[in-house]
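Q: Here you go, work30.txt (compact mmCIF, C-alpha atoms):
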# COMPACT_ATOMS: atom_id res chain seq x y z
CA MET B 798 81.30 -270.33 -220.40
CA HIS B 799 84.04 -268.04 -219.12
CA GLY B 800 81.48 -265.24 -218.56
CA THR B 801 79.21 -267.56 -216.54
CA THR B 802 82.13 -268.56 -214.32
CA GLN B 803 82.95 -264.91 -213.60
CA GLU B 804 79.28 -264.21 -212.71
CA ASN B 805 79.23 -267.17 -210.31
CA GLU B 806 82.38 -265.90 -208.61
CA LEU B 807 80.85 -262.46 -208.17
CA GLU B 808 77.53 -263.80 -206.83
CA PRO B 809 77.09 -263.00 -203.10
CA VAL B 810 76.45 -266.62 -202.13
CA GLY B 811 76.67 -265.94 -198.39
CA LEU B 812 74.10 -263.13 -198.52
CA ILE B 813 71.78 -265.24 -200.66
CA ARG B 814 71.79 -268.07 -198.12
CA GLN B 815 71.36 -265.73 -195.15
CA SER B 816 68.50 -263.90 -196.86
CA GLY B 817 66.76 -267.19 -197.61
CA ALA B 818 67.10 -268.40 -194.03
CA ILE B 819 65.68 -265.13 -192.66
CA LEU B 820 62.76 -265.31 -195.09
CA ALA B 821 62.07 -268.92 -194.08
CA LEU B 822 61.91 -267.78 -190.45
CA GLY B 823 59.46 -265.02 -191.37
CA ARG B 824 57.27 -267.45 -193.28
CA LEU B 825 57.25 -269.80 -190.30
CA SER B 826 56.23 -266.93 -188.00
CA LEU B 827 53.46 -265.83 -190.39
CA SER B 828 52.13 -269.39 -190.54
CA GLY B 829 51.65 -269.28 -186.76
CA GLY B 830 49.02 -266.55 -187.10
CA THR B 831 50.85 -263.59 -185.56
CA GLY B 832 50.57 -260.00 -186.78
CA SER B 833 52.77 -258.51 -189.46
CA TYR B 834 54.55 -256.25 -186.94
CA ARG B 835 55.74 -259.34 -185.02
CA VAL B 836 56.86 -261.10 -188.22
CA LYS B 837 58.91 -258.04 -189.18
CA ALA B 838 60.45 -257.77 -185.72
CA THR B 839 61.36 -261.48 -185.70
CA MET B 840 63.06 -261.27 -189.08
CA ALA B 841 64.91 -258.06 -188.14
CA ARG B 842 66.29 -259.63 -184.94
CA ALA B 843 67.50 -262.69 -186.82
CA ALA B 844 69.06 -260.48 -189.51
CA LYS B 845 70.92 -258.49 -186.87
CA ALA B 846 72.24 -261.68 -185.28
CA LEU B 847 73.55 -262.80 -188.69
CA GLY B 848 75.36 -259.51 -189.19
CA MET B 849 73.02 -257.81 -191.66
CA ASP B 850 73.34 -254.01 -191.75
CA ARG B 851 69.62 -253.58 -192.32
CA HIS B 852 66.55 -255.70 -192.99
CA GLU B 853 63.25 -254.46 -194.35
CA ALA B 854 60.06 -256.41 -194.99
CA HIS B 855 56.57 -255.93 -196.33
CA VAL B 856 54.20 -258.48 -194.79
CA THR B 857 50.56 -259.17 -195.63
CA LEU B 858 48.23 -262.00 -194.62
CA THR B 859 49.82 -264.51 -197.01
CA GLU B 860 52.93 -262.86 -198.51
CA ILE B 861 56.31 -261.53 -197.43
CA THR B 862 58.63 -259.33 -199.49
CA ALA B 863 61.96 -258.94 -197.68
CA THR B 864 65.23 -257.15 -198.43
CA SER B 865 68.50 -257.91 -196.65
CA HIS B 866 71.27 -255.29 -196.79
CA ARG B 867 74.96 -255.91 -196.22
CA GLY B 868 77.29 -253.08 -197.11
CA PRO B 869 76.64 -251.86 -200.67
CA ILE B 870 74.81 -255.03 -201.74
CA PHE B 871 71.30 -256.23 -201.01
CA ARG B 872 68.96 -259.06 -201.88
CA THR B 873 65.17 -258.97 -202.20
CA GLU B 874 63.08 -262.13 -202.03
CA VAL B 875 59.36 -262.91 -202.04
CA THR B 876 57.48 -265.83 -200.51
CA GLU B 877 53.82 -266.77 -200.39
CA MET B 878 51.79 -269.14 -198.23
CA ARG B 879 48.23 -270.16 -199.04
CA LYS B 880 47.23 -271.65 -195.68
CA VAL B 881 46.14 -269.31 -192.91
CA GLY B 882 46.21 -270.86 -189.46
CA VAL B 883 47.05 -270.41 -185.78
CA ASN B 884 49.76 -272.19 -183.79
CA ALA B 885 50.54 -270.54 -180.45
CA ASP B 886 53.18 -273.11 -179.54
CA ARG B 887 55.04 -272.35 -182.76
CA LEU B 888 54.98 -268.62 -182.00
CA MET B 889 56.42 -269.30 -178.54
CA GLU B 890 59.17 -271.52 -179.96
CA ILE B 891 60.12 -268.88 -182.53
CA GLU B 892 60.20 -266.12 -179.92
CA ARG B 893 62.47 -268.12 -177.62
CA PHE B 894 64.73 -269.26 -180.45
CA VAL B 895 65.25 -265.78 -181.91
CA SER B 896 65.79 -264.25 -178.47
CA ALA B 897 68.55 -266.78 -177.82
CA LEU B 898 70.37 -266.19 -181.12
CA PRO B 899 73.76 -264.67 -180.23
CA ALA B 900 75.41 -261.85 -182.15
CA GLY B 901 77.46 -263.35 -184.94
CA ALA B 902 75.26 -266.44 -185.21
CA SER B 903 75.84 -268.63 -188.24
CA VAL B 904 73.32 -269.21 -190.98
CA GLU B 905 73.48 -272.93 -190.13
CA GLN B 906 72.18 -272.18 -186.63
CA LEU B 907 69.24 -270.26 -188.07
CA GLU B 908 68.44 -272.94 -190.65
CA GLU B 909 68.59 -275.72 -188.07
CA GLY B 910 66.33 -273.80 -185.68
CA VAL B 911 63.75 -273.11 -188.37
CA ALA B 912 63.77 -276.77 -189.46
CA ARG B 913 63.36 -277.97 -185.86
CA ILE B 914 60.41 -275.67 -185.14
CA ARG B 915 58.73 -276.46 -188.46
CA ALA B 916 59.01 -280.20 -187.81
CA LYS B 917 57.43 -280.04 -184.34
CA ALA B 918 54.08 -281.82 -184.32
CA PRO B 919 50.91 -280.24 -182.83
CA LEU B 920 50.66 -280.65 -179.08
CA TYR B 921 47.15 -282.13 -179.24
CA GLY B 922 45.56 -284.64 -181.58
CA PRO B 923 42.26 -284.22 -183.45
CA TRP B 924 40.02 -285.55 -180.68
CA LEU B 925 41.59 -283.40 -177.96
CA ASN B 926 41.42 -280.36 -180.24
CA ALA B 927 37.71 -281.06 -180.81
CA LEU B 928 37.19 -281.46 -177.05
CA PHE B 929 38.74 -278.04 -176.40
CA ALA B 930 36.44 -276.45 -179.02
CA ALA B 931 33.46 -278.19 -177.42
CA VAL B 932 34.33 -276.86 -173.96
CA ALA B 933 34.85 -273.32 -175.27
CA CYS B 934 31.52 -273.24 -177.14
CA ALA B 935 29.61 -274.78 -174.23
CA ALA B 936 31.00 -272.00 -172.03
CA PHE B 937 29.93 -269.50 -174.70
CA ALA B 938 26.43 -270.99 -174.61
CA PHE B 939 26.14 -270.27 -170.90
CA LEU B 940 27.49 -266.73 -171.31
CA ASN B 941 24.85 -266.27 -174.03
CA ASN B 942 22.17 -267.13 -171.44
CA GLY B 943 21.92 -270.84 -172.24
CA GLY B 944 20.99 -273.44 -169.64
CA PRO B 945 22.38 -276.94 -168.95
CA ILE B 946 20.55 -278.55 -171.87
CA GLU B 947 21.76 -275.89 -174.32
CA CYS B 948 25.33 -276.21 -173.06
CA ALA B 949 25.25 -280.00 -173.45
CA GLY B 950 23.87 -279.76 -176.98
CA VAL B 951 26.43 -277.15 -177.97
CA PHE B 952 29.22 -279.29 -176.48
CA VAL B 953 28.38 -282.23 -178.75
CA ALA B 954 27.67 -280.18 -181.89
CA ALA B 955 30.71 -277.90 -181.65
CA GLY B 956 33.07 -280.78 -180.88
CA LEU B 957 32.01 -282.77 -183.93
CA GLY B 958 32.01 -279.64 -186.07
CA GLN B 959 35.61 -278.84 -185.12
CA LEU B 960 36.63 -282.47 -185.67
CA LEU B 961 35.31 -282.30 -189.23
CA ARG B 962 36.83 -278.87 -189.81
CA ARG B 963 40.31 -279.96 -188.74
CA ALA B 964 40.15 -283.13 -190.84
CA LEU B 965 39.16 -281.21 -193.97
CA LEU B 966 41.74 -278.46 -193.46
CA HIS B 967 44.51 -281.04 -193.04
CA ARG B 968 43.49 -282.40 -196.43
CA GLY B 969 44.13 -279.01 -198.00
CA MET B 970 40.52 -278.06 -198.76
CA ASN B 971 39.44 -274.46 -199.31
CA GLN B 972 39.07 -272.69 -195.95
CA PHE B 973 35.82 -270.92 -196.77
CA ALA B 974 34.19 -274.13 -198.03
CA VAL B 975 35.39 -275.97 -194.92
CA THR B 976 33.96 -273.21 -192.72
CA MET B 977 30.55 -273.50 -194.36
CA VAL B 978 30.50 -277.31 -194.06
CA ALA B 979 31.60 -277.25 -190.40
CA ALA B 980 29.06 -274.54 -189.52
CA ALA B 981 26.28 -276.45 -191.28
CA LEU B 982 27.14 -279.68 -189.46
CA ALA B 983 27.40 -278.05 -186.02
CA SER B 984 24.15 -276.05 -186.30
CA ALA B 985 22.24 -279.00 -187.82
CA LEU B 986 23.50 -281.36 -185.09
CA TYR B 987 22.47 -278.95 -182.35
CA LEU B 988 18.99 -278.42 -183.76
CA GLY B 989 18.65 -282.16 -184.33
CA LEU B 990 19.56 -282.94 -180.73
CA MET B 991 17.09 -280.39 -179.40
CA THR B 992 14.35 -281.77 -181.67
CA VAL B 993 14.97 -285.32 -180.43
CA LEU B 994 14.83 -284.19 -176.80
CA LEU B 995 11.56 -282.39 -177.44
CA ALA B 996 10.02 -285.31 -179.36
CA THR B 997 10.95 -287.90 -176.73
CA GLY B 998 9.59 -285.81 -173.90
CA ALA B 999 13.00 -285.37 -172.28
CA THR B 1000 12.24 -281.66 -172.19
CA ALA B 1001 9.04 -279.70 -172.61
CA VAL B 1002 10.78 -276.54 -173.77
CA ASN B 1003 12.28 -275.71 -177.15
CA HIS B 1004 15.99 -274.95 -176.66
CA GLU B 1005 16.79 -273.76 -180.20
CA ALA B 1006 17.77 -270.21 -179.23
CA ALA B 1007 21.35 -271.13 -178.23
CA TYR B 1008 22.27 -272.90 -181.47
CA VAL B 1009 24.41 -269.98 -182.68
CA SER B 1010 26.84 -270.84 -179.87
CA ALA B 1011 27.49 -274.21 -181.53
CA VAL B 1012 29.41 -272.51 -184.38
CA LEU B 1013 31.40 -269.99 -182.35
CA PHE B 1014 34.52 -272.16 -182.64
CA LEU B 1015 34.70 -270.70 -186.16
CA VAL B 1016 35.10 -267.10 -184.95
CA PRO B 1017 38.45 -265.95 -186.47
CA GLY B 1018 39.84 -264.43 -183.29
CA PHE B 1019 43.51 -264.25 -184.24
CA PRO B 1020 42.97 -262.49 -187.61
CA LEU B 1021 40.50 -260.06 -186.06
CA VAL B 1022 42.80 -259.06 -183.21
CA THR B 1023 46.10 -259.06 -185.11
CA GLY B 1024 44.48 -257.24 -188.02
CA ALA B 1025 43.24 -254.50 -185.72
CA LEU B 1026 46.68 -254.21 -184.10
CA ASP B 1027 48.32 -254.01 -187.55
CA LEU B 1028 46.03 -251.09 -188.35
CA ALA B 1029 47.04 -249.44 -185.08
CA ARG B 1030 50.62 -249.64 -186.35
CA LEU B 1031 49.51 -247.98 -189.63
CA ASP B 1032 50.20 -251.22 -191.51
CA PHE B 1033 47.12 -250.99 -193.68
CA SER B 1034 47.97 -253.65 -196.26
CA ALA B 1035 48.31 -256.34 -193.58
CA GLY B 1036 45.54 -255.04 -191.32
CA VAL B 1037 42.92 -254.70 -194.04
CA ALA B 1038 43.82 -258.11 -195.51
CA ARG B 1039 43.42 -259.80 -192.12
CA LEU B 1040 40.11 -258.10 -191.39
CA VAL B 1041 38.75 -258.96 -194.84
CA TYR B 1042 39.79 -262.59 -194.34
CA ALA B 1043 38.10 -262.64 -190.90
CA LEU B 1044 34.94 -261.09 -192.38
CA MET B 1045 34.85 -263.72 -195.14
CA ILE B 1046 35.18 -266.52 -192.58
CA LEU B 1047 32.34 -265.00 -190.53
CA MET B 1048 30.19 -264.61 -193.64
CA SER B 1049 30.85 -268.20 -194.73
CA ALA B 1050 29.80 -269.56 -191.34
CA ALA B 1051 26.83 -267.20 -191.05
CA LEU B 1052 25.49 -268.17 -194.48
CA ALA B 1053 25.63 -271.85 -193.52
CA VAL B 1054 23.81 -271.12 -190.25
CA TRP B 1055 21.20 -269.12 -192.13
CA GLY B 1056 20.71 -271.98 -194.60
CA ILE B 1057 20.08 -274.49 -191.82
CA SER B 1058 17.80 -271.99 -190.06
CA ALA B 1059 15.76 -271.48 -193.22
CA LEU B 1060 15.36 -275.23 -193.74
CA VAL B 1061 14.30 -275.91 -190.16
CA GLY B 1062 12.34 -272.71 -189.66
CA VAL B 1063 13.99 -271.19 -186.59
CA ALA B 1064 15.47 -267.77 -185.83
CA PRO B 1065 18.69 -267.22 -183.83
CA ASP B 1066 17.03 -264.94 -181.31
CA PRO B 1067 18.83 -264.14 -178.03
CA ALA B 1068 17.88 -266.32 -175.08
CA VAL B 1069 16.31 -264.89 -171.94
CA ALA B 1070 18.79 -264.44 -169.09
CA PRO B 1071 18.38 -266.93 -166.22
CA GLU B 1072 17.02 -265.74 -162.88
CA LEU B 1073 20.05 -266.16 -160.60
CA SER B 1074 21.41 -264.25 -157.63
CA PHE B 1075 24.24 -261.82 -158.33
CA VAL B 1076 26.77 -263.91 -156.38
CA LEU B 1077 25.85 -267.22 -158.06
CA LEU B 1078 25.72 -265.58 -161.50
CA THR B 1079 29.17 -264.05 -160.97
CA ILE B 1080 30.64 -267.38 -159.87
CA LEU B 1081 29.16 -269.19 -162.88
CA ARG B 1082 30.40 -266.44 -165.20
CA LEU B 1083 33.90 -266.77 -163.75
CA VAL B 1084 33.87 -270.53 -164.34
CA ALA B 1085 32.41 -270.23 -167.85
CA SER B 1086 34.82 -267.45 -168.84
CA PHE B 1087 37.79 -269.45 -167.54
CA LEU B 1088 36.73 -272.58 -169.43
CA GLY B 1089 35.89 -270.61 -172.58
CA VAL B 1090 39.27 -268.90 -172.78
CA LEU B 1091 41.08 -272.09 -171.79
CA GLY B 1092 39.28 -274.04 -174.52
CA PHE B 1093 40.13 -271.48 -177.19
CA ALA B 1094 43.75 -271.22 -176.06
CA LEU B 1095 44.23 -274.99 -176.21
CA MET B 1096 42.42 -275.13 -179.56
CA PHE B 1097 45.07 -272.65 -180.79
CA ASN B 1098 47.73 -275.25 -179.80
CA SER B 1099 48.88 -273.38 -176.68
CA PRO B 1100 50.94 -275.22 -174.05
CA TRP B 1101 49.04 -275.65 -170.79
CA ARG B 1102 51.01 -273.01 -168.89
CA MET B 1103 50.28 -270.43 -171.57
CA ALA B 1104 46.64 -271.45 -171.82
CA LEU B 1105 46.05 -271.28 -168.05
CA THR B 1106 47.60 -267.81 -167.91
CA ALA B 1107 45.35 -266.61 -170.73
CA ALA B 1108 42.34 -268.22 -169.02
CA VAL B 1109 42.94 -266.40 -165.74
CA VAL B 1110 43.47 -263.05 -167.49
CA GLY B 1111 40.43 -263.52 -169.73
CA MET B 1112 38.23 -264.76 -166.88
CA VAL B 1113 38.74 -261.63 -164.80
CA ALA B 1114 38.46 -259.21 -167.72
CA ASN B 1115 35.32 -260.81 -169.17
CA VAL B 1116 33.46 -260.87 -165.87
CA VAL B 1117 34.39 -257.22 -165.32
CA ARG B 1118 32.96 -256.47 -168.77
CA LEU B 1119 29.73 -258.40 -168.18
CA THR B 1120 29.25 -256.77 -164.79
CA LEU B 1121 29.79 -253.27 -166.16
CA VAL B 1122 27.39 -253.88 -169.05
CA GLY B 1123 24.85 -255.35 -166.62
CA GLU B 1124 25.04 -252.12 -164.60
CA GLY B 1125 24.10 -250.10 -167.68
CA LEU B 1126 27.45 -249.29 -169.30
CA ALA B 1127 27.43 -249.35 -173.12
CA PRO B 1128 28.68 -252.73 -174.45
CA GLN B 1129 31.45 -251.10 -176.50
CA ALA B 1130 32.69 -249.15 -173.47
CA GLY B 1131 32.73 -252.33 -171.39
CA ALA B 1132 34.64 -254.13 -174.17
CA ALA B 1133 37.25 -251.35 -174.38
CA ILE B 1134 37.83 -251.39 -170.62
CA ALA B 1135 38.11 -255.19 -170.55
CA ALA B 1136 40.52 -255.26 -173.50
CA LEU B 1137 42.66 -252.55 -171.90
CA LEU B 1138 42.80 -254.65 -168.74
CA VAL B 1139 43.81 -257.71 -170.80
CA GLY B 1140 46.51 -255.75 -172.62
CA VAL B 1141 48.07 -254.37 -169.44
CA VAL B 1142 47.94 -257.63 -167.48
CA ALA B 1143 49.23 -259.66 -170.44
CA ALA B 1144 52.20 -257.28 -170.75
CA TRP B 1145 53.08 -258.13 -167.14
CA ALA B 1146 52.27 -261.86 -167.24
CA ALA B 1147 53.63 -262.96 -170.64
CA PRO B 1148 57.33 -262.17 -169.98
CA ARG B 1149 57.16 -263.98 -166.66
CA ILE B 1150 56.26 -267.27 -168.34
CA ASP B 1151 58.46 -266.48 -171.36
CA VAL B 1152 55.73 -266.41 -174.05
CA PRO B 1153 54.71 -263.79 -176.66
CA ARG B 1154 52.00 -261.40 -175.50
CA VAL B 1155 49.78 -262.18 -178.48
CA THR B 1156 49.40 -265.81 -177.31
CA VAL B 1157 47.94 -264.54 -174.02
CA TYR B 1158 45.73 -261.64 -175.04
CA VAL B 1159 44.15 -263.11 -178.18
CA PRO B 1160 42.48 -266.11 -176.42
CA ALA B 1161 41.55 -263.79 -173.55
CA VAL B 1162 39.80 -261.39 -175.93
CA VAL B 1163 38.26 -263.91 -178.34
CA ILE B 1164 35.58 -264.76 -175.80
CA MET B 1165 34.48 -261.10 -175.94
CA VAL B 1166 34.12 -261.04 -179.74
CA PRO B 1167 30.37 -260.76 -180.50
CA GLY B 1168 30.19 -263.72 -182.85
CA ALA B 1169 26.53 -264.41 -182.08
CA ALA B 1170 25.57 -260.84 -183.02
CA ALA B 1171 27.49 -261.11 -186.30
CA TYR B 1172 25.71 -264.35 -187.22
CA ARG B 1173 22.34 -262.85 -186.36
CA ALA B 1174 23.11 -259.83 -188.57
CA VAL B 1175 23.70 -262.09 -191.59
CA TYR B 1176 20.60 -264.16 -190.78
CA HIS B 1177 18.30 -261.15 -190.72
CA LEU B 1178 19.99 -259.65 -193.78
CA ASN B 1179 19.25 -262.80 -195.76
CA ASN B 1180 15.65 -262.73 -194.56
CA GLY B 1181 15.19 -259.14 -195.71
CA ALA B 1182 14.98 -257.69 -192.18
CA THR B 1183 17.45 -254.92 -192.98
CA VAL B 1184 16.82 -252.81 -189.89
CA GLN B 1185 17.42 -255.72 -187.51
CA ALA B 1186 20.45 -256.82 -189.52
CA MET B 1187 21.97 -253.34 -189.37
CA ALA B 1188 21.32 -253.11 -185.64
CA TYR B 1189 23.16 -256.38 -184.93
CA ALA B 1190 25.95 -255.52 -187.39
CA VAL B 1191 26.54 -252.09 -185.84
CA ASP B 1192 26.53 -253.55 -182.33
CA ALA B 1193 29.05 -256.22 -183.32
CA GLY B 1194 31.24 -253.77 -185.23
CA LEU B 1195 31.38 -251.28 -182.38
CA VAL B 1196 32.40 -253.98 -179.89
CA VAL B 1197 35.16 -255.28 -182.20
CA VAL B 1198 36.48 -251.73 -182.69
CA ALA B 1199 36.36 -251.15 -178.93
CA LEU B 1200 38.30 -254.37 -178.27
CA ALA B 1201 40.95 -253.27 -180.77
CA ILE B 1202 41.21 -249.81 -179.19
CA GLY B 1203 41.54 -251.28 -175.71
CA LEU B 1204 44.31 -253.66 -176.76
CA ALA B 1205 46.14 -250.97 -178.74
CA VAL B 1206 46.03 -248.52 -175.82
CA GLY B 1207 47.21 -251.26 -173.46
CA ARG B 1208 50.12 -251.99 -175.78
CA MET B 1209 51.01 -248.30 -176.04
CA LEU B 1210 51.01 -247.98 -172.27
CA THR B 1211 53.37 -250.93 -171.84
CA ASP B 1212 55.55 -250.79 -174.97
CA ARG B 1213 57.26 -247.53 -175.91
CA SER B 1214 57.88 -248.69 -179.49
CA TRP B 1215 54.09 -248.62 -180.02
CA LEU B 1216 53.80 -245.08 -178.66
CA VAL B 1217 56.79 -243.43 -180.34
CA GLU B 1218 57.33 -244.11 -184.04
CA ARG B 1219 60.97 -244.34 -185.10
Using the file provided, produce a representation of the structure as structure tokens.
A:
Amino acid sequence: MHGTTQENELEPVGLIRQSGAILALGRLSLSGGTGSYRVKATMARAAKALGMDRHEAHVTLTEITATSHRGPIFRTEVTEMRKVGVNADRLMEIERFVSALPAGASVEQLEEGVARIRAKAPLYGPWLNALFAAVACAAFAFLNNGGPIECAGVFVAAGLGQLLRRALLHRGMNQFAVTMVAAALASALYLGLMTVLLATGATAVNHEAAYVSAVLFLVPGFPLVTGALDLARLDFSAGVARLVYALMILMSAALAVWGISALVGVAPDPAVAPELSFVLLTILRLVASFLGVLGFALMFNSPWRMALTAAVVGMVANVVRLTLVGEGLAPQAGAAIAALLVGVVAAWAAPRIDVPRVTVYVPAVVIMVPGAAAYRAVYHLNNGATVQAMAYAVDAGLVVVALAIGLAVGRMLTDRSWLVER
């Protein structure tokens, strides 16, 4: 008993509590969907405010191993989270809270701030969240050469698909199973609506070609972008984990789309571009790009000011990309230029509205991710058309790599810590 008392007296209780509070902050940041480099930076700033001599962390997609140093003693702790999600409002709240922590802050201040941010409810309820997904996918449908009927069908199918997805995720169901169920529902609803329109004579044309757009709300934009940026920082454990997770989400959705396609007997072939004047096409692309980015940003739980900023940035960059590709530039080159533009403009705009850059440039870039090409690659692969599958897969892969390069270069040009390793 006497020995236990001596051990308790020697235990660094203050360091233990501080280390736990810093780790809780890191876990909260990771749950918001940001990259590992941002989680590490957030924890290090909080540790400095609490008077730690040094703080080191190893962050992956779902785990954090952190060590807090104070003088000759240190404490290492590990935490794990099984739910991967995106919450832009949470990331903004964390950024503002940590930036306002004064030197010499108490551990109580940190614990209270973490508890307050964790307890904050989502900004939008299930129906509004579904509406935002519907708007984003309908805009995608137009950008994928869909007409008014396709956009309307995608609006209904994607909205109901996202509503089901959110309900199942909030019940703790497996993310990959939820993705397959939501993709199956959205694609089946779209094809069902088009079949009804055709059977009733409401339209004389089959509008099945745009049904891939109905599942584009499942494109894992945040993991794709943050994973690529983690790789640019040579953080391979986090970057590879995020990209593998994103690939598994894409595969889950694509397999469900293929299953519905096989049952109904349709192929997700690209639609023919509408015959419009250059001026009218540009105006419609601006509107669709704005609504698409806005819808995705709000679906990621962004406040309106943040979402509108991302929408303006993404609108301009995406139309520049589409115009360049329309003039004959390679799609991957157009994607790199557009992502570079997003990265540079976001670096200027984000500090002026006091939000993290990632909450601006991820929604702005998500609309450029070739989700339709990725789904078509899996469809043709399952049907044994290996050459077509490889062609779509290579096209999609090159565009994703180009987007990552553009964002990374933009970050290096505007943030010295990304250019010079310390």
Q: Restricting the calculation to only C-alpha atoms: of B:Arg1149, B:Ala1144, B:Ile1134, B:Ala1107, which residue gets closest to Leu1210 in chain B?
A: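 Closest to Leu1210 in chain B of all the choices is B:Ala1144.
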Q: Fewer than 5 positions away in the same chain doesn't count, so skip those; otherwise give me all residues within 12 Å of Gly1140 in chain B, counting all atoms listed in the file, as a PyMOL selection string.
A: chain B and resi 1022+1026+1107+1110-1111+1114+1133-1135+1145-1147+1154-1162+1200-1212
Q: Write the residues you've just listed into a file as a short mmCIF file (atom, residue, chain, number, x, y, z; two decimals), in the frame of the given file, and include C-alpha atoms for each of them.
A:
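Contents of again.cif, freshly written:
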data_model
loop_
_atom_site.label_atom_id
_atom_site.label_comp_id
_atom_site.auth_asym_id
_atom_site.auth_seq_id
_atom_site.Cartn_x
_atom_site.Cartn_y
_atom_site.Cartn_z
CA VAL B 1022 42.80 -259.06 -183.21
CA LEU B 1026 46.68 -254.21 -184.10
CA ALA B 1107 45.35 -266.61 -170.73
CA VAL B 1110 43.47 -263.05 -167.49
CA GLY B 1111 40.43 -263.52 -169.73
CA ALA B 1114 38.46 -259.21 -167.72
CA ALA B 1133 37.25 -251.35 -174.38
CA ILE B 1134 37.83 -251.39 -170.62
CA ALA B 1135 38.11 -255.19 -170.55
CA TRP B 1145 53.08 -258.13 -167.14
CA ALA B 1146 52.27 -261.86 -167.24
CA ALA B 1147 53.63 -262.96 -170.64
CA ARG B 1154 52.00 -261.40 -175.50
CA VAL B 1155 49.78 -262.18 -178.48
CA THR B 1156 49.40 -265.81 -177.31
CA VAL B 1157 47.94 -264.54 -174.02
CA TYR B 1158 45.73 -261.64 -175.04
CA VAL B 1159 44.15 -263.11 -178.18
CA PRO B 1160 42.48 -266.11 -176.42
CA ALA B 1161 41.55 -263.79 -173.55
CA VAL B 1162 39.80 -261.39 -175.93
CA LEU B 1200 38.30 -254.37 -178.27
CA ALA B 1201 40.95 -253.27 -180.77
CA ILE B 1202 41.21 -249.81 -179.19
CA GLY B 1203 41.54 -251.28 -175.71
CA LEU B 1204 44.31 -253.66 -176.76
CA ALA B 1205 46.14 -250.97 -178.74
CA VAL B 1206 46.03 -248.52 -175.82
CA GLY B 1207 47.21 -251.26 -173.46
CA ARG B 1208 50.12 -251.99 -175.78
CA MET B 1209 51.01 -248.30 -176.04
CA LEU B 1210 51.01 -247.98 -172.27
CA THR B 1211 53.37 -250.93 -171.84
CA ASP B 1212 55.55 -250.79 -174.97
#
Q: Record the distance separating CA of Arg963 in chain B and CA of Gly922 in chain B, expressed in Å with one decimal.
A: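 Going from CA of Arg963 in chain B over to CA of Gly922 in chain B, I get 10.0 Å.
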Q: Expressed in Å to a single decimal, how great is the separation between CA of Phe1014 in chain B and CA of Ala1104 in chain B?
A: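 Interatomic distance here is 16.3 Å.
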Q: Sorted by chain and rising residue number, list the residues of range 857-946 of chain B at most 10 Å from range 1029-1053 of chain B (counting only C-alpha atoms), each with its closest atom pair and distance in Å to one decimal, as a Markdown table.
A:
| residue | atom | partner | partner_atom | distance |
| --- | --- | --- | --- | --- |
| B:Thr857 | CA | B:Ala1035 | CA | 4.2 |
| B:Leu858 | CA | B:Ala1035 | CA | 5.8 |
| B:Thr859 | CA | B:Ala1038 | CA | 8.9 |
| B:Glu860 | CA | B:Ala1035 | CA | 9.4 |
| B:Val881 | CA | B:Tyr1042 | CA | 9.4 |
Q: For a quick check of your reading of the model, name the residues lying within 12 Å of the coordinate (52.1, -267.7, -199.2), counting all atoms listed in the file, and write them as a ChimeraX atom specification.
A: /B:820-821,823-828,856-862,875-882
Q: Distance CA of Gln1129 in chain B-CA of Val1012 in chain B, one decimal place?
A: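 Between these atoms lies a distance of 22.9 Å.
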Q: Which of these residues is nearest to Pro899 in chain B, using only C-alpha atoms: B:Leu1091, B:Ala844, B:Leu1028, B:Val993?
A: B:Ala844
Q: Can you tell me which residues surround Ala927 in chain B at a distance of at most 10 Å, considering only C-alpha atoms, apart from same-chain residues fewer than 5 positions away, and format the answer as a list in words?
A: Tyr921, Gly922, Val932, Ala933, Phe952, Val953, Ala955, Gly956, Leu957, Gly958, Gln959, Leu960, Leu961, Arg962, Arg963, Phe1014, Gly1092 and Met1096 of chain B
Q: So that I can check the surroundings of range 852-855 of chain B, please list as number ranges by chain every protein, DNA and RNA residue that reaches within 10 Å of it, counting only C-alpha atoms and ignoring chain neighbours fewer than 6 positions away.
A: B: 816, 819-820, 823, 833-834, 836-838, 840-845, 861-867, 871-875, 1032, 1034-1035
Q: I want to know what sits within 12 Å of Pro869 in chain B, based on only C-alpha atoms, with residues of the same chain fewer than 6 positions away left out; could you give that as a short mmCIF file (atom, residue, chain, number, x, y, z; two decimals) with C-alpha atoms, in the coordinates of the input?
A:
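Final file, result_7.cif:
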data_model
loop_
_atom_site.label_atom_id
_atom_site.label_comp_id
_atom_site.auth_asym_id
_atom_site.auth_seq_id
_atom_site.Cartn_x
_atom_site.Cartn_y
_atom_site.Cartn_z
CA PRO B 809 77.09 -263.00 -203.10
CA LEU B 812 74.10 -263.13 -198.52
CA MET B 849 73.02 -257.81 -191.66
CA ASP B 850 73.34 -254.01 -191.75
CA ARG B 851 69.62 -253.58 -192.32
#
Q: Residues of range 949-1030 of chain B within 9 Å of range 1167-1174 of chain B: nearest atom pair and distance (Å, one decimal) for each, counting all atoms listed in the file, sorted by chain and number, as CSV?
A:
residue,atom,partner,partner_atom,distance
B:Val1009,CA,B:Ala1169,CA,6.0
B:Ser1010,CA,B:Ala1169,CA,6.8
B:Val1012,CA,B:Ala1169,CA,8.9
B:Leu1013,CA,B:Gly1168,CA,6.4
B:Leu1015,CA,B:Gly1168,CA,8.9
B:Val1016,CA,B:Gly1168,CA,6.3
Q: For Leu888 in chain B, which of B:Leu822, B:Ala985, B:Val1063, B:Ile870 is the closest residue, counting only C-alpha atoms?
A: B:Leu822
Q: When you count only C-alpha atoms, which of these residues is closest to Leu990 in chain B: B:Gly950, B:Gly1062, B:Gly944, B:Gly1131?
A: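 Smallest distance to Leu990 in chain B is found for B:Gly950.
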